[in-house]
file upload_19.cif (mmCIF, C-alpha atoms)
data_structure
#
loop_
_atom_site.label_atom_id
_atom_site.label_comp_id
_atom_site.auth_asym_id
_atom_site.auth_seq_id
_atom_site.Cartn_x
_atom_site.Cartn_y
_atom_site.Cartn_z
CA MET A 192 90.28 83.58 93.72
CA ILE A 193 88.86 86.60 92.00
CA PRO A 194 85.40 88.07 92.49
CA VAL A 195 83.95 89.23 89.16
CA LEU A 196 81.59 92.17 89.51
CA LEU A 197 79.30 93.01 86.60
CA ILE A 198 78.25 96.60 86.19
CA ASN A 199 75.19 97.74 84.30
CA ASN A 200 74.60 101.48 84.24
CA LYS A 201 76.58 102.05 87.45
CA GLY A 202 74.69 99.31 89.31
CA LEU A 203 76.05 95.93 90.33
CA VAL A 204 74.20 93.06 88.62
CA LYS A 205 74.46 89.30 88.38
CA SER A 206 73.32 87.11 85.55
CA VAL A 207 72.34 83.52 84.90
CA LYS A 208 73.73 82.27 81.57
CA PHE A 209 74.48 85.87 80.59
CA LYS A 210 70.74 86.65 80.88
CA ASN A 211 68.25 87.57 83.59
CA TYR A 212 70.37 90.32 85.06
CA ARG A 213 69.42 90.97 88.62
CA TYR A 214 70.36 94.17 90.43
CA VAL A 215 72.36 93.29 93.53
CA GLY A 216 73.57 96.62 94.80
CA ASP A 217 76.14 99.35 94.55
CA PRO A 218 79.58 98.38 93.19
CA ILE A 219 81.45 100.75 95.52
CA ASN A 220 79.75 99.24 98.51
CA ALA A 221 80.63 95.76 97.23
CA VAL A 222 84.30 96.75 96.80
CA LYS A 223 84.35 98.06 100.38
CA ILE A 224 83.05 94.71 101.62
CA PHE A 225 85.70 92.88 99.58
CA ASN A 226 88.33 95.12 101.22
CA GLU A 227 87.21 93.76 104.58
CA LYS A 228 87.50 90.22 103.25
CA GLU A 229 91.11 90.85 102.16
CA VAL A 230 90.57 89.85 98.55
CA ASP A 231 93.79 89.69 96.48
CA GLU A 232 92.33 90.88 93.19
CA ILE A 233 88.99 92.01 91.84
CA CYS A 234 87.58 92.12 88.32
CA ILE A 235 85.04 94.70 87.19
CA LEU A 236 83.24 94.17 83.89
CA ASP A 237 80.93 96.85 82.55
CA ILE A 238 78.44 94.90 80.46
CA SER A 239 76.54 97.99 79.36
CA ALA A 240 79.48 99.87 77.81
CA SER A 241 80.07 97.92 74.59
CA ARG A 242 76.39 97.17 74.16
CA SER A 243 75.34 100.79 74.24
CA LYS A 244 78.40 101.64 72.15
CA ARG A 245 79.80 103.97 74.77
CA PHE A 246 83.25 104.52 76.19
CA PRO A 247 84.25 103.30 79.64
CA ASP A 248 82.76 105.47 82.40
CA PHE A 249 86.14 106.82 83.55
CA GLU A 250 84.76 108.86 86.41
CA HIS A 251 82.84 105.96 87.91
CA ILE A 252 85.79 103.60 87.45
CA SER A 253 88.10 106.10 89.12
CA GLU A 254 85.69 106.25 92.06
CA ILE A 255 85.63 102.45 92.36
CA VAL A 256 89.44 102.22 92.11
CA SER A 257 89.78 104.80 94.89
CA GLU A 258 87.85 102.50 97.21
CA ALA A 259 89.74 99.31 96.30
CA PHE A 260 92.59 98.19 98.57
CA MET A 261 93.50 95.45 96.12
CA PRO A 262 94.56 95.40 92.46
CA LEU A 263 91.66 95.74 90.07
CA SER A 264 91.10 94.71 86.47
CA TYR A 265 88.52 96.33 84.25
CA GLY A 266 86.77 95.38 81.02
CA GLY A 267 84.01 96.98 78.97
CA GLY A 268 83.98 99.44 76.10
CA ILE A 269 87.77 99.75 75.74
CA SER A 270 88.30 100.54 72.07
CA SER A 271 91.37 102.78 71.81
CA LEU A 272 94.82 103.30 73.26
CA GLU A 273 93.57 106.57 74.71
CA HIS A 274 90.97 104.63 76.73
CA ALA A 275 93.75 102.38 77.99
CA ASP A 276 95.89 105.39 78.98
CA LYS A 277 92.98 106.94 80.88
CA LEU A 278 92.13 103.70 82.68
CA PHE A 279 95.71 103.10 83.80
CA TYR A 280 95.87 106.74 84.93
CA ALA A 281 92.71 106.11 86.96
CA GLY A 282 94.63 103.34 88.74
CA VAL A 283 93.26 100.23 87.02
CA GLU A 284 95.99 97.57 87.06
CA LYS A 285 94.83 95.36 84.23
CA LEU A 286 92.54 95.77 81.23
CA THR A 287 90.33 93.04 79.84
CA LEU A 288 89.44 93.16 76.16
CA ASN A 289 86.75 91.19 74.43
CA LYS A 290 84.96 92.75 71.50
CA SER A 291 87.74 95.18 70.64
CA PHE A 292 90.13 92.26 70.20
CA HIS A 293 87.88 91.01 67.40
CA ASN A 294 87.52 94.47 65.90
CA SER A 295 91.20 95.34 66.08
CA PRO A 296 93.79 92.92 67.44
CA GLN A 297 96.35 95.75 67.07
CA LEU A 298 94.92 97.43 70.17
CA LEU A 299 96.00 94.48 72.28
CA GLU A 300 99.48 94.63 70.74
CA GLN A 301 99.75 98.35 71.46
CA ILE A 302 98.63 98.04 75.07
CA ALA A 303 101.01 95.12 75.61
CA ALA A 304 103.87 97.11 74.05
CA ASN A 305 103.22 100.23 76.14
CA TYR A 306 102.26 98.68 79.47
CA GLY A 307 103.51 95.09 79.33
CA SER A 308 101.62 91.89 78.62
CA GLN A 309 100.79 91.56 82.31
CA SER A 310 98.57 94.59 82.00
CA VAL A 311 96.18 93.19 79.44
CA SER A 312 94.02 90.10 79.24
CA ILE A 313 91.43 88.76 76.84
CA SER A 314 88.10 87.47 78.04
CA ILE A 315 86.69 84.60 76.06
CA ASP A 316 82.99 83.94 76.54
CA VAL A 317 82.21 80.39 75.53
CA ASP A 318 79.00 78.65 74.65
CA LYS A 319 78.15 75.24 73.23
CA ASN A 320 75.69 74.67 70.42
CA TRP A 321 73.26 71.75 70.41
CA LEU A 322 75.89 69.54 68.81
CA GLY A 323 78.22 70.26 71.71
CA LYS A 324 80.59 72.35 69.60
CA THR A 325 82.08 75.32 71.45
CA HIS A 326 82.42 78.84 70.10
CA ALA A 327 83.70 82.14 71.43
CA TYR A 328 81.07 84.89 71.71
CA THR A 329 81.09 88.66 72.01
CA ASP A 330 78.45 91.26 73.01
CA ASN A 331 77.65 89.58 76.32
CA GLY A 332 77.10 86.25 74.62
CA LYS A 333 74.87 87.59 71.87
CA THR A 334 77.20 87.40 68.87
CA LYS A 335 78.87 84.17 67.86
CA THR A 336 82.40 84.46 66.43
CA GLU A 337 84.15 82.21 63.95
CA TYR A 338 86.63 81.09 66.61
CA THR A 339 86.68 78.18 68.98
CA PRO A 340 87.86 79.19 72.46
CA LEU A 341 91.19 77.46 71.88
CA GLU A 342 91.79 79.24 68.56
CA LEU A 343 91.03 82.58 70.14
CA ALA A 344 93.24 81.88 73.17
CA ILE A 345 96.18 81.01 70.90
CA LYS A 346 95.60 84.10 68.79
CA ALA A 347 95.45 86.30 71.91
CA GLU A 348 98.65 84.78 73.26
CA ASP A 349 100.42 85.36 69.94
CA ARG A 350 99.35 88.99 69.94
CA GLY A 351 100.70 89.64 73.43
CA ALA A 352 97.87 88.98 75.91
CA GLY A 353 99.17 88.28 79.40
CA GLU A 354 96.19 86.27 80.55
CA ILE A 355 92.98 84.61 79.39
CA LEU A 356 89.70 84.93 81.28
CA LEU A 357 87.70 81.91 80.14
CA ASN A 358 84.06 82.41 80.90
CA SER A 359 81.43 79.72 80.36
CA ILE A 360 78.09 81.21 79.31
CA SER A 361 76.06 78.03 79.83
CA ARG A 362 77.40 77.62 83.37
CA ASP A 363 77.19 81.29 84.39
CA GLY A 364 75.19 81.61 87.60
CA THR A 365 74.23 77.91 87.62
CA TYR A 366 76.55 76.55 90.35
CA GLN A 367 77.24 73.48 88.15
CA GLY A 368 81.01 73.70 88.55
CA TYR A 369 83.57 74.91 86.04
CA ASP A 370 83.86 73.48 82.53
CA LEU A 371 86.87 71.37 83.42
CA ASP A 372 87.24 69.72 79.99
CA LEU A 373 87.45 73.09 78.33
CA ILE A 374 89.97 74.39 80.89
CA GLU A 375 92.14 71.33 80.27
CA LYS A 376 91.86 71.64 76.52
CA VAL A 377 92.83 75.31 76.41
CA THR A 378 95.58 75.28 79.05
CA ALA A 379 97.26 72.34 77.31
CA LYS A 380 98.00 74.58 74.32
CA ILE A 381 98.82 77.96 75.86
CA LYS A 382 101.61 79.16 78.14
CA ILE A 383 99.97 82.27 79.58
CA PRO A 384 97.86 81.95 82.72
CA LEU A 385 94.18 81.11 82.39
CA VAL A 386 91.55 82.32 84.84
CA ALA A 387 88.46 80.12 84.87
CA CYS A 388 85.04 81.64 85.36
CA GLY A 389 81.46 80.42 85.26
CA GLY A 390 79.71 77.80 87.38
CA ALA A 391 81.55 77.87 90.71
CA SER A 392 79.54 76.78 93.70
CA ASP A 393 82.17 76.09 96.35
CA LEU A 394 85.85 75.78 97.18
CA HIS A 395 85.92 72.27 95.79
CA ASP A 396 85.08 73.67 92.34
CA PHE A 397 87.98 76.09 92.67
CA ALA A 398 90.36 73.29 93.53
CA MET A 399 89.12 71.20 90.57
CA ALA A 400 89.66 74.09 88.14
CA ILE A 401 93.21 74.60 89.40
CA GLU A 402 93.85 70.89 88.99
CA ALA A 403 92.51 71.08 85.43
CA GLY A 404 95.16 73.70 84.64
CA ALA A 405 93.69 77.08 85.56
CA SER A 406 96.15 79.48 87.23
CA ALA A 407 93.41 81.27 89.10
CA VAL A 408 89.66 81.07 89.50
CA ALA A 409 87.00 83.70 89.31
CA ALA A 410 83.38 83.67 90.35
CA GLY A 411 80.38 85.93 90.59
CA SER A 412 77.23 84.40 92.06
CA MET A 413 79.10 82.47 94.71
CA PHE A 414 80.47 85.71 96.15
CA VAL A 415 77.29 87.79 95.97
CA PHE A 416 74.44 85.39 96.72
CA GLN A 417 73.61 83.20 99.61
CA ARG A 418 71.97 79.96 98.69
CA PRO A 419 69.42 78.37 98.70
CA ASN A 420 67.19 81.43 98.38
CA GLN A 421 69.68 83.63 96.46
CA ALA A 422 69.54 86.46 98.96
CA VAL A 423 72.17 89.06 98.25
CA LEU A 424 75.04 88.48 100.66
CA ILE A 425 78.58 89.35 99.77
CA SER A 426 80.97 86.72 101.05
CA TYR A 427 84.50 85.48 100.52
CA PRO A 428 86.27 82.47 102.02
CA SER A 429 88.94 83.11 104.63
CA ALA A 430 92.62 82.55 103.83
CA LYS A 431 92.42 79.46 106.05
CA GLU A 432 89.53 77.98 104.10
CA ILE A 433 91.28 78.65 100.80
CA GLU A 434 94.49 77.06 102.03
CA SER A 435 92.78 73.95 103.34
CA SER A 436 90.86 73.40 100.08
CA ILE A 437 94.09 73.47 98.09
CA TYR A 438 95.75 71.28 100.71
CA THR A 439 92.99 68.69 100.45
CA LEU A 440 93.48 68.66 96.71
CA ARG A 441 97.24 68.11 96.94
CA LYS A 442 96.74 65.22 99.41
CA MET B 177 98.48 116.59 108.50
CA ILE B 178 99.67 113.70 106.34
CA THR B 179 100.23 115.18 102.91
CA ILE B 180 100.07 113.12 99.71
CA ILE B 181 102.04 114.83 96.96
CA ASP B 182 100.02 115.18 93.76
CA TYR B 183 102.29 115.75 90.80
CA LYS B 184 99.77 114.53 88.21
CA ILE B 185 100.91 110.96 87.80
CA GLY B 186 97.67 109.14 88.56
CA ASN B 187 94.85 108.37 90.96
CA LEU B 188 95.86 108.77 94.59
CA GLY B 189 92.38 108.10 95.95
CA SER B 190 93.14 104.65 97.34
CA ILE B 191 96.09 105.98 99.40
CA LYS B 192 93.87 108.65 100.92
CA ASN B 193 91.05 106.15 101.50
CA MET B 194 93.32 103.63 103.18
CA LEU B 195 94.55 106.36 105.55
CA LYS B 196 90.94 107.33 106.23
CA LYS B 197 90.16 103.69 106.99
CA ILE B 198 92.81 103.69 109.73
CA GLY B 199 91.48 106.95 111.10
CA GLN B 200 94.13 109.31 109.68
CA PRO B 201 93.04 112.45 107.88
CA SER B 202 95.20 113.37 104.88
CA VAL B 203 95.29 115.83 102.03
CA ILE B 204 96.19 115.33 98.35
CA THR B 205 97.95 118.43 97.07
CA SER B 206 100.67 120.05 95.00
CA ASP B 207 100.26 123.37 96.85
CA ILE B 208 103.64 124.40 98.27
CA GLU B 209 102.01 126.22 101.20
CA VAL B 210 100.12 123.09 102.20
CA ILE B 211 103.18 120.88 101.75
CA SER B 212 105.24 123.20 103.96
CA GLN B 213 102.74 122.56 106.80
CA ALA B 214 102.91 118.77 106.44
CA THR B 215 103.67 116.65 109.48
CA LYS B 216 104.19 113.56 107.30
CA ILE B 217 104.64 113.23 103.57
CA ILE B 218 103.72 110.47 101.13
CA LEU B 219 105.38 110.60 97.72
CA PRO B 220 103.44 108.26 95.41
CA GLY B 221 104.22 107.52 91.78
CA VAL B 222 103.82 105.14 88.87
CA GLY B 223 105.42 104.97 85.44
CA HIS B 224 108.69 106.17 83.96
CA PHE B 225 111.43 107.53 86.28
CA GLY B 226 112.49 110.38 83.94
CA HIS B 227 108.86 111.34 83.43
CA GLY B 228 108.27 111.29 87.18
CA MET B 229 111.21 113.60 87.90
CA ASN B 230 110.01 115.97 85.18
CA LYS B 231 106.51 116.05 86.63
CA LEU B 232 107.89 116.72 90.11
CA ARG B 233 109.92 119.66 88.71
CA GLU B 234 106.91 120.96 86.78
CA ALA B 235 104.84 120.85 89.96
CA GLY B 236 107.54 123.00 91.61
CA CYS B 237 107.68 120.68 94.63
CA ILE B 238 111.34 119.75 94.81
CA ASP B 239 112.65 122.61 96.97
CA VAL B 240 109.90 122.33 99.56
CA LEU B 241 110.30 118.53 99.66
CA ASN B 242 114.06 118.91 100.16
CA HIS B 243 113.44 121.23 103.07
CA LYS B 244 110.82 119.00 104.67
CA ALA B 245 112.83 115.80 104.23
CA LYS B 246 116.38 116.97 104.91
CA VAL B 247 116.05 120.01 107.20
CA GLU B 248 112.79 119.49 109.12
CA LYS B 249 113.21 115.73 108.86
CA VAL B 250 109.48 114.93 108.78
CA PRO B 251 108.74 111.25 108.12
CA LEU B 252 108.42 110.70 104.38
CA LEU B 253 107.27 107.56 102.56
CA GLY B 254 107.92 107.03 98.85
CA ILE B 255 105.65 104.47 97.18
CA CYS B 256 106.61 102.52 94.00
CA LEU B 257 108.13 105.10 91.62
CA GLY B 258 108.02 107.51 94.56
CA ALA B 259 110.48 105.20 96.38
CA GLN B 260 112.76 105.02 93.35
CA LEU B 261 112.82 108.83 93.11
CA LEU B 262 114.43 108.98 96.57
CA THR B 263 117.63 107.45 95.15
CA GLU B 264 120.64 108.95 93.34
CA PHE B 265 120.04 107.70 89.83
CA SER B 266 117.95 105.43 87.58
CA GLU B 267 118.80 103.55 84.42
CA GLU B 268 115.26 104.37 83.32
CA GLY B 269 115.80 107.60 81.40
CA ASN B 270 119.38 107.91 82.77
CA GLU B 271 118.04 110.49 85.16
CA THR B 272 119.25 111.65 88.59
CA GLY B 273 116.79 111.31 91.44
CA LEU B 274 116.24 113.29 94.64
CA GLY B 275 119.43 111.73 96.01
CA TRP B 276 118.24 111.30 99.61
CA ILE B 277 119.14 107.62 99.81
CA ASP B 278 122.44 106.16 98.68
CA ALA B 279 121.03 103.77 96.07
CA GLU B 280 120.41 103.36 92.36
CA VAL B 281 117.61 101.95 90.24
CA LYS B 282 118.30 99.17 87.75
CA LYS B 283 116.22 97.17 85.31
CA PHE B 284 115.41 93.55 86.16
CA ASP B 285 118.13 91.45 84.58
CA GLU B 286 116.84 88.23 82.98
CA ASN B 287 120.40 86.89 82.98
CA MET B 288 120.37 86.86 86.76
CA MET B 289 117.22 84.71 86.81
CA PRO B 290 117.40 80.90 86.71
CA GLU B 291 114.64 81.12 84.11
CA PRO B 292 113.42 84.35 82.58
CA LEU B 293 110.26 85.75 84.15
CA PRO B 294 107.98 88.27 82.45
CA ILE B 295 108.82 91.93 83.05
CA PRO B 296 107.20 93.97 84.58
CA ASN B 297 106.89 92.03 87.80
CA MET B 298 103.18 92.41 88.40
CA GLY B 299 101.62 90.57 91.29
CA TRP B 300 101.95 89.64 94.95
CA CYS B 301 105.38 88.83 96.40
CA ASP B 302 106.38 87.72 99.89
CA VAL B 303 108.71 90.14 101.65
CA ALA B 304 111.32 89.61 104.36
CA VAL B 305 112.46 92.19 106.89
CA ILE B 306 116.22 92.81 106.48
CA ASN B 307 116.69 95.50 109.13
CA PRO B 308 114.05 95.78 111.86
CA ASP B 309 112.36 99.17 111.94
CA ARG B 310 109.22 100.78 113.31
CA LEU B 311 107.80 100.98 109.78
CA VAL B 312 107.79 97.19 109.41
CA VAL B 313 107.12 96.14 112.99
CA ASP B 314 104.32 93.66 113.78
CA LEU B 315 103.32 93.03 110.17
CA PRO B 316 100.70 90.26 109.82
CA ALA B 317 102.20 86.76 109.46
CA HIS B 318 103.73 85.92 106.05
CA PRO B 319 103.69 89.52 104.82
CA ARG B 320 103.14 89.93 101.10
CA TYR B 321 102.58 92.98 98.96
CA TYR B 322 101.37 93.88 95.49
CA PHE B 323 104.12 94.99 93.07
CA VAL B 324 104.12 96.52 89.58
CA HIS B 325 107.63 97.39 88.38
CA SER B 326 110.27 96.72 85.73
CA TYR B 327 113.07 98.43 87.64
CA HIS B 328 114.27 97.82 91.18
CA ILE B 329 116.37 99.63 93.78
CA VAL B 330 119.95 98.59 94.54
CA CYS B 331 121.31 99.98 97.83
CA LYS B 332 125.02 100.74 98.09
CA ASP B 333 124.95 99.94 101.80
CA VAL B 334 122.82 97.14 103.26
CA LYS B 335 122.07 99.37 106.26
CA ASN B 336 119.62 101.27 104.05
CA GLU B 337 117.71 98.08 103.20
CA LEU B 338 114.47 97.50 105.03
CA LEU B 339 112.71 94.76 103.09
CA ARG B 340 113.60 92.31 100.37
CA ALA B 341 111.48 90.29 98.00
CA SER B 342 112.27 87.85 95.23
CA TYR B 343 111.35 87.82 91.55
CA GLY B 344 113.78 85.61 89.64
CA HIS B 345 116.38 87.02 91.99
CA GLN B 346 116.28 88.92 95.28
CA PHE B 347 115.65 92.62 95.15
CA VAL B 348 115.22 95.47 97.60
CA ALA B 349 111.54 96.07 98.37
CA GLY B 350 111.94 98.69 101.09
CA ILE B 351 114.57 101.32 101.91
CA LYS B 352 115.31 103.73 104.73
CA SER B 353 117.63 106.55 105.66
CA GLU B 354 116.78 108.34 108.91
CA ASN B 355 113.26 109.83 108.47
CA ILE B 356 113.05 108.89 104.79
CA TYR B 357 111.39 105.63 103.73
CA GLY B 358 110.54 104.01 100.42
CA VAL B 359 108.61 100.87 99.44
CA GLN B 360 108.67 99.40 95.95
CA PHE B 361 105.20 97.85 96.32
CA HIS B 362 101.76 99.40 96.66
CA PRO B 363 100.66 99.28 100.31
CA GLU B 364 97.37 100.90 99.24
CA LYS B 365 96.65 97.83 97.07
CA SER B 366 97.85 95.25 99.61
CA HIS B 367 94.84 95.24 101.98
CA LYS B 368 95.71 94.16 105.53
CA PHE B 369 99.46 94.08 104.94
CA GLY B 370 99.43 97.54 103.43
CA MET B 371 97.14 98.87 106.09
CA LYS B 372 99.49 97.75 108.87
CA LEU B 373 102.47 99.36 107.15
CA MET B 374 100.58 102.60 106.63
CA ASP B 375 99.45 102.49 110.25
CA ASN B 376 103.10 102.07 111.32
CA PHE B 377 104.04 105.03 109.14
CA CYS B 378 101.37 107.17 110.80
CA ARG B 379 102.80 106.27 114.22
CA LEU B 380 106.40 107.26 113.35
#
call {"tool": "encode", "arguments": {"input": "upload_19.cif", "output": "structure tokens"}}
result
Amino acid sequence: MIPVLLINNKGLVKSVKFKNYRYVGDPINAVKIFNEKEVDEICILDISASRSKRFPDFEHISEIVSEAFMPLSYGGGISSLEHADKLFYAGVEKLTLNKSFHNSPQLLEQIAANYGSQSVSISIDVDKNWLGKTHAYTDNGKTKTEYTPLELAIKAEDRGAGEILLNSISRDGTYQGYDLDLIEKVTAKIKIPLVACGGASDLHDFAMAIEAGASAVAAGSMFVFQRPNQAVLISYPSAKEIESSIYTLRK
Amino acid sequence: MITIIDYKIGNLGSIKNMLKKIGQPSVITSDIEVISQATKIILPGVGHFGHGMNKLREAGCIDVLNHKAKVEKVPLLGICLGAQLLTEFSEEGNETGLGWIDAEVKKFDENMMPEPLPIPNMGWCDVAVINPDRLVVDLPAHPRYYFVHSYHIVCKDVKNELLRASYGHQFVAGIKSENIYGVQFHPEKSHKFGMKLMDNFCRL
């Protein structure tokens, strides 16, 4: 159960459908709170890096890593093996590629060869068109690619990705639940673990995504906002709550 | 003061911050003078064994560490590669280690696994205490730790084993010889479980 933290120019933000970014605080402060909540893994995505065509902010990432008492994955602006080397040196455990996988799939192969497949994942941002056909997107959902999510997941697996982060654009920040059909469709054809993201509103959604085939679940809004008024409140279910939701599912 | 040895192998900030969180001041250094004043030593490390030994030599730390560990007998904790460096030898780079603990480092063997698992082992694993010790006393229930490794320690004598975990087959996750300790996992990335272990180390 992985909190996904979006970073925009060093600030923590949260989106709805990859738009309407709202500033929710300081990422280091958020990581400190997640330490208290004993979170097993955290994912940091810098949405401003690729867009403004800049490299990862190594110094800031290093600062965040220093405060994290859990493994951390990072994505955003990674476009060379040198970037990967620097990020691993900074203490990031796993890298997430998106746009650079489209630009040069070799980078994924190189990272997987040097650091192991476990150290690199591909994020696939998915949106549906008005006919209900799904496509993978890059540039924070702005650029449509020629691939369906399944095609891209298979390609990433073939090239050595250790994990897929499947992110639904249309469900992002909406609390509608995960795109279970899509999770089922993709996990049926790949062997590597899939982390579902986009749409979670409660523990029941997590359980449903796992049942649909996801190996792990990620969420943003659910961990940073308190409903119904969307006040910023960082939260995370207790180990007991997580256990009982999975137990209910298995019953 | 607790001294974290910096031999240029990566970010040691989370180790220092976890110590701070449990109220223990520490210093990150490669300065021999500072190391010689240490009351406790943490030897971190990630990456290739041969590379790690080279970096330790380059930093000029080996003599002072030998003195602190073997003569003064201050408590010392090796983390991840730092734990492996405490042993006699590693297959990774066919390199000799510091030789403080009678053990060797071997690559995970897929043939010993019922079904092959991806290597490195990267993720959380449950651990079991093999020999009770103050370092691993009163851990929270169902202790588990975060691991990243392709090689694992093999002790020649089970008396040096502290913890075991399983990844395809059982392996040694913690070692001990007198004042010298090593853990294969990252306590600094294992929140409450790591914090308790670090707290125990501070109380040694």
call {"tool": "interface_residues", "arguments": {"input": "upload_19.cif", "of": "chain B", "to": "chain A", "cutoff": "12 Å", "atoms": "only C-alpha atoms", "output": "PyMOL selection string"}}
result
chain B and resi 184-197+221-224+293-301+317-318+320-326+361-371
call {"tool": "closest_atom_pairs", "arguments": {"input": "upload_19.cif", "of": "stretch 326-411 of chain A", "to": "stretch 292-303 of chain A", "cutoff": "10 Å", "atoms": "only C-alpha atoms", "output": "JSON lines"}}
result
{"residue": "A:Thr329", "atom": "CA", "partner": "A:His293", "partner_atom": "CA", "distance": 8.5}
{"residue": "A:Thr336", "atom": "CA", "partner": "A:His293", "partner_atom": "CA", "distance": 8.6}
{"residue": "A:Leu343", "atom": "CA", "partner": "A:His293", "partner_atom": "CA", "distance": 9.4}
{"residue": "A:Lys346", "atom": "CA", "partner": "A:Pro296", "partner_atom": "CA", "distance": 9.1}
{"residue": "A:Ala347", "atom": "CA", "partner": "A:Pro296", "partner_atom": "CA", "distance": 8.2}
{"residue": "A:Asp349", "atom": "CA", "partner": "A:Glu300", "partner_atom": "CA", "distance": 9.4}
{"residue": "A:Arg350", "atom": "CA", "partner": "A:Glu300", "partner_atom": "CA", "distance": 5.7}
{"residue": "A:Gly351", "atom": "CA", "partner": "A:Glu300", "partner_atom": "CA", "distance": 5.8}
{"residue": "A:Ala352", "atom": "CA", "partner": "A:Leu299", "partner_atom": "CA", "distance": 6.9}
{"residue": "A:Gly353", "atom": "CA", "partner": "A:Ala303", "partner_atom": "CA", "distance": 8.0}
call {"tool": "write_last_selection", "arguments": {"input": "upload_19.cif", "atoms": "C-alpha atoms", "output": "PDB file, in the frame of the given file"}}
result
ATOM      1  CA  THR A 329      81.090  88.660  72.010  1.00  0.00           C
ATOM      2  CA  THR A 336      82.400  84.460  66.430  1.00  0.00           C
ATOM      3  CA  LEU A 343      91.030  82.580  70.140  1.00  0.00           C
ATOM      4  CA  LYS A 346      95.600  84.100  68.790  1.00  0.00           C
ATOM      5  CA  ALA A 347      95.450  86.300  71.910  1.00  0.00           C
ATOM      6  CA  ASP A 349     100.420  85.360  69.940  1.00  0.00           C
ATOM      7  CA  ARG A 350      99.350  88.990  69.940  1.00  0.00           C
ATOM      8  CA  GLY A 351     100.700  89.640  73.430  1.00  0.00           C
ATOM      9  CA  ALA A 352      97.870  88.980  75.910  1.00  0.00           C
ATOM     10  CA  GLY A 353      99.170  88.280  79.400  1.00  0.00           C
TER      11      GLY A 353
END
call {"tool": "resolve_selection", "arguments": {"input": "upload_19.cif", "expression": "the PyMOL selection byres ((chain B and resi 243-253) around 10)", "output": "JSON, numbers by chain"}}
result
{"B": [178, 179, 180, 211, 212, 213, 214, 215, 216, 217, 218, 219, 220, 238, 239, 240, 241, 242, 254, 255, 256, 258, 259, 262, 276, 311, 351, 352, 354, 355, 356, 357, 358, 359, 374, 377, 378, 379, 380]}
call {"tool": "write_last_selection", "arguments": {"input": "upload_19.cif", "atoms": "C-alpha atoms", "output": "compact mmCIF listing (two decimals), keeping the file's coordinate frame"}}
result
# COMPACT_ATOMS: atom_id res chain seq x y z
CA ILE B 178 99.67 113.70 106.34
CA THR B 179 100.23 115.18 102.91
CA ILE B 180 100.07 113.12 99.71
CA ILE B 211 103.18 120.88 101.75
CA SER B 212 105.24 123.20 103.96
CA GLN B 213 102.74 122.56 106.80
CA ALA B 214 102.91 118.77 106.44
CA THR B 215 103.67 116.65 109.48
CA LYS B 216 104.19 113.56 107.30
CA ILE B 217 104.64 113.23 103.57
CA ILE B 218 103.72 110.47 101.13
CA LEU B 219 105.38 110.60 97.72
CA PRO B 220 103.44 108.26 95.41
CA ILE B 238 111.34 119.75 94.81
CA ASP B 239 112.65 122.61 96.97
CA VAL B 240 109.90 122.33 99.56
CA LEU B 241 110.30 118.53 99.66
CA ASN B 242 114.06 118.91 100.16
CA GLY B 254 107.92 107.03 98.85
CA ILE B 255 105.65 104.47 97.18
CA CYS B 256 106.61 102.52 94.00
CA GLY B 258 108.02 107.51 94.56
CA ALA B 259 110.48 105.20 96.38
CA LEU B 262 114.43 108.98 96.57
CA TRP B 276 118.24 111.30 99.61
CA LEU B 311 107.80 100.98 109.78
CA ILE B 351 114.57 101.32 101.91
CA LYS B 352 115.31 103.73 104.73
CA GLU B 354 116.78 108.34 108.91
CA ASN B 355 113.26 109.83 108.47
CA ILE B 356 113.05 108.89 104.79
CA TYR B 357 111.39 105.63 103.73
CA GLY B 358 110.54 104.01 100.42
CA VAL B 359 108.61 100.87 99.44
CA MET B 374 100.58 102.60 106.63
CA PHE B 377 104.04 105.03 109.14
CA CYS B 378 101.37 107.17 110.80
CA ARG B 379 102.80 106.27 114.22
CA LEU B 380 106.40 107.26 113.35
call {"tool": "resolve_selection", "arguments": {"input": "upload_19.cif", "expression": "the PyMOL selection byres ((chain A and resi 368) around 10)", "output": "MDAnalysis selection string"}}
result
chainID A and resid 362:367 369:371 388:393 395:397 399:400
call {"tool": "write_last_selection", "arguments": {"input": "upload_19.cif", "atoms": "C-alpha atoms", "output": "PDB file, in the coordinates of the input"}}
result
ATOM      1  CA  ARG A 362      77.400  77.620  83.370  1.00  0.00           C
ATOM      2  CA  ASP A 363      77.190  81.290  84.390  1.00  0.00           C
ATOM      3  CA  GLY A 364      75.190  81.610  87.600  1.00  0.00           C
ATOM      4  CA  THR A 365      74.230  77.910  87.620  1.00  0.00           C
ATOM      5  CA  TYR A 366      76.550  76.550  90.350  1.00  0.00           C
ATOM      6  CA  GLN A 367      77.240  73.480  88.150  1.00  0.00           C
ATOM      7  CA  TYR A 369      83.570  74.910  86.040  1.00  0.00           C
ATOM      8  CA  ASP A 370      83.860  73.480  82.530  1.00  0.00           C
ATOM      9  CA  LEU A 371      86.870  71.370  83.420  1.00  0.00           C
ATOM     10  CA  CYS A 388      85.040  81.640  85.360  1.00  0.00           C
ATOM     11  CA  GLY A 389      81.460  80.420  85.260  1.00  0.00           C
ATOM     12  CA  GLY A 390      79.710  77.800  87.380  1.00  0.00           C
ATOM     13  CA  ALA A 391      81.550  77.870  90.710  1.00  0.00           C
ATOM     14  CA  SER A 392      79.540  76.780  93.700  1.00  0.00           C
ATOM     15  CA  ASP A 393      82.170  76.090  96.350  1.00  0.00           C
ATOM     16  CA  HIS A 395      85.920  72.270  95.790  1.00  0.00           C
ATOM     17  CA  ASP A 396      85.080  73.670  92.340  1.00  0.00           C
ATOM     18  CA  PHE A 397      87.980  76.090  92.670  1.00  0.00           C
ATOM     19  CA  MET A 399      89.120  71.200  90.570  1.00  0.00           C
ATOM     20  CA  ALA A 400      89.660  74.090  88.140  1.00  0.00           C
TER      21      ALA A 400
END
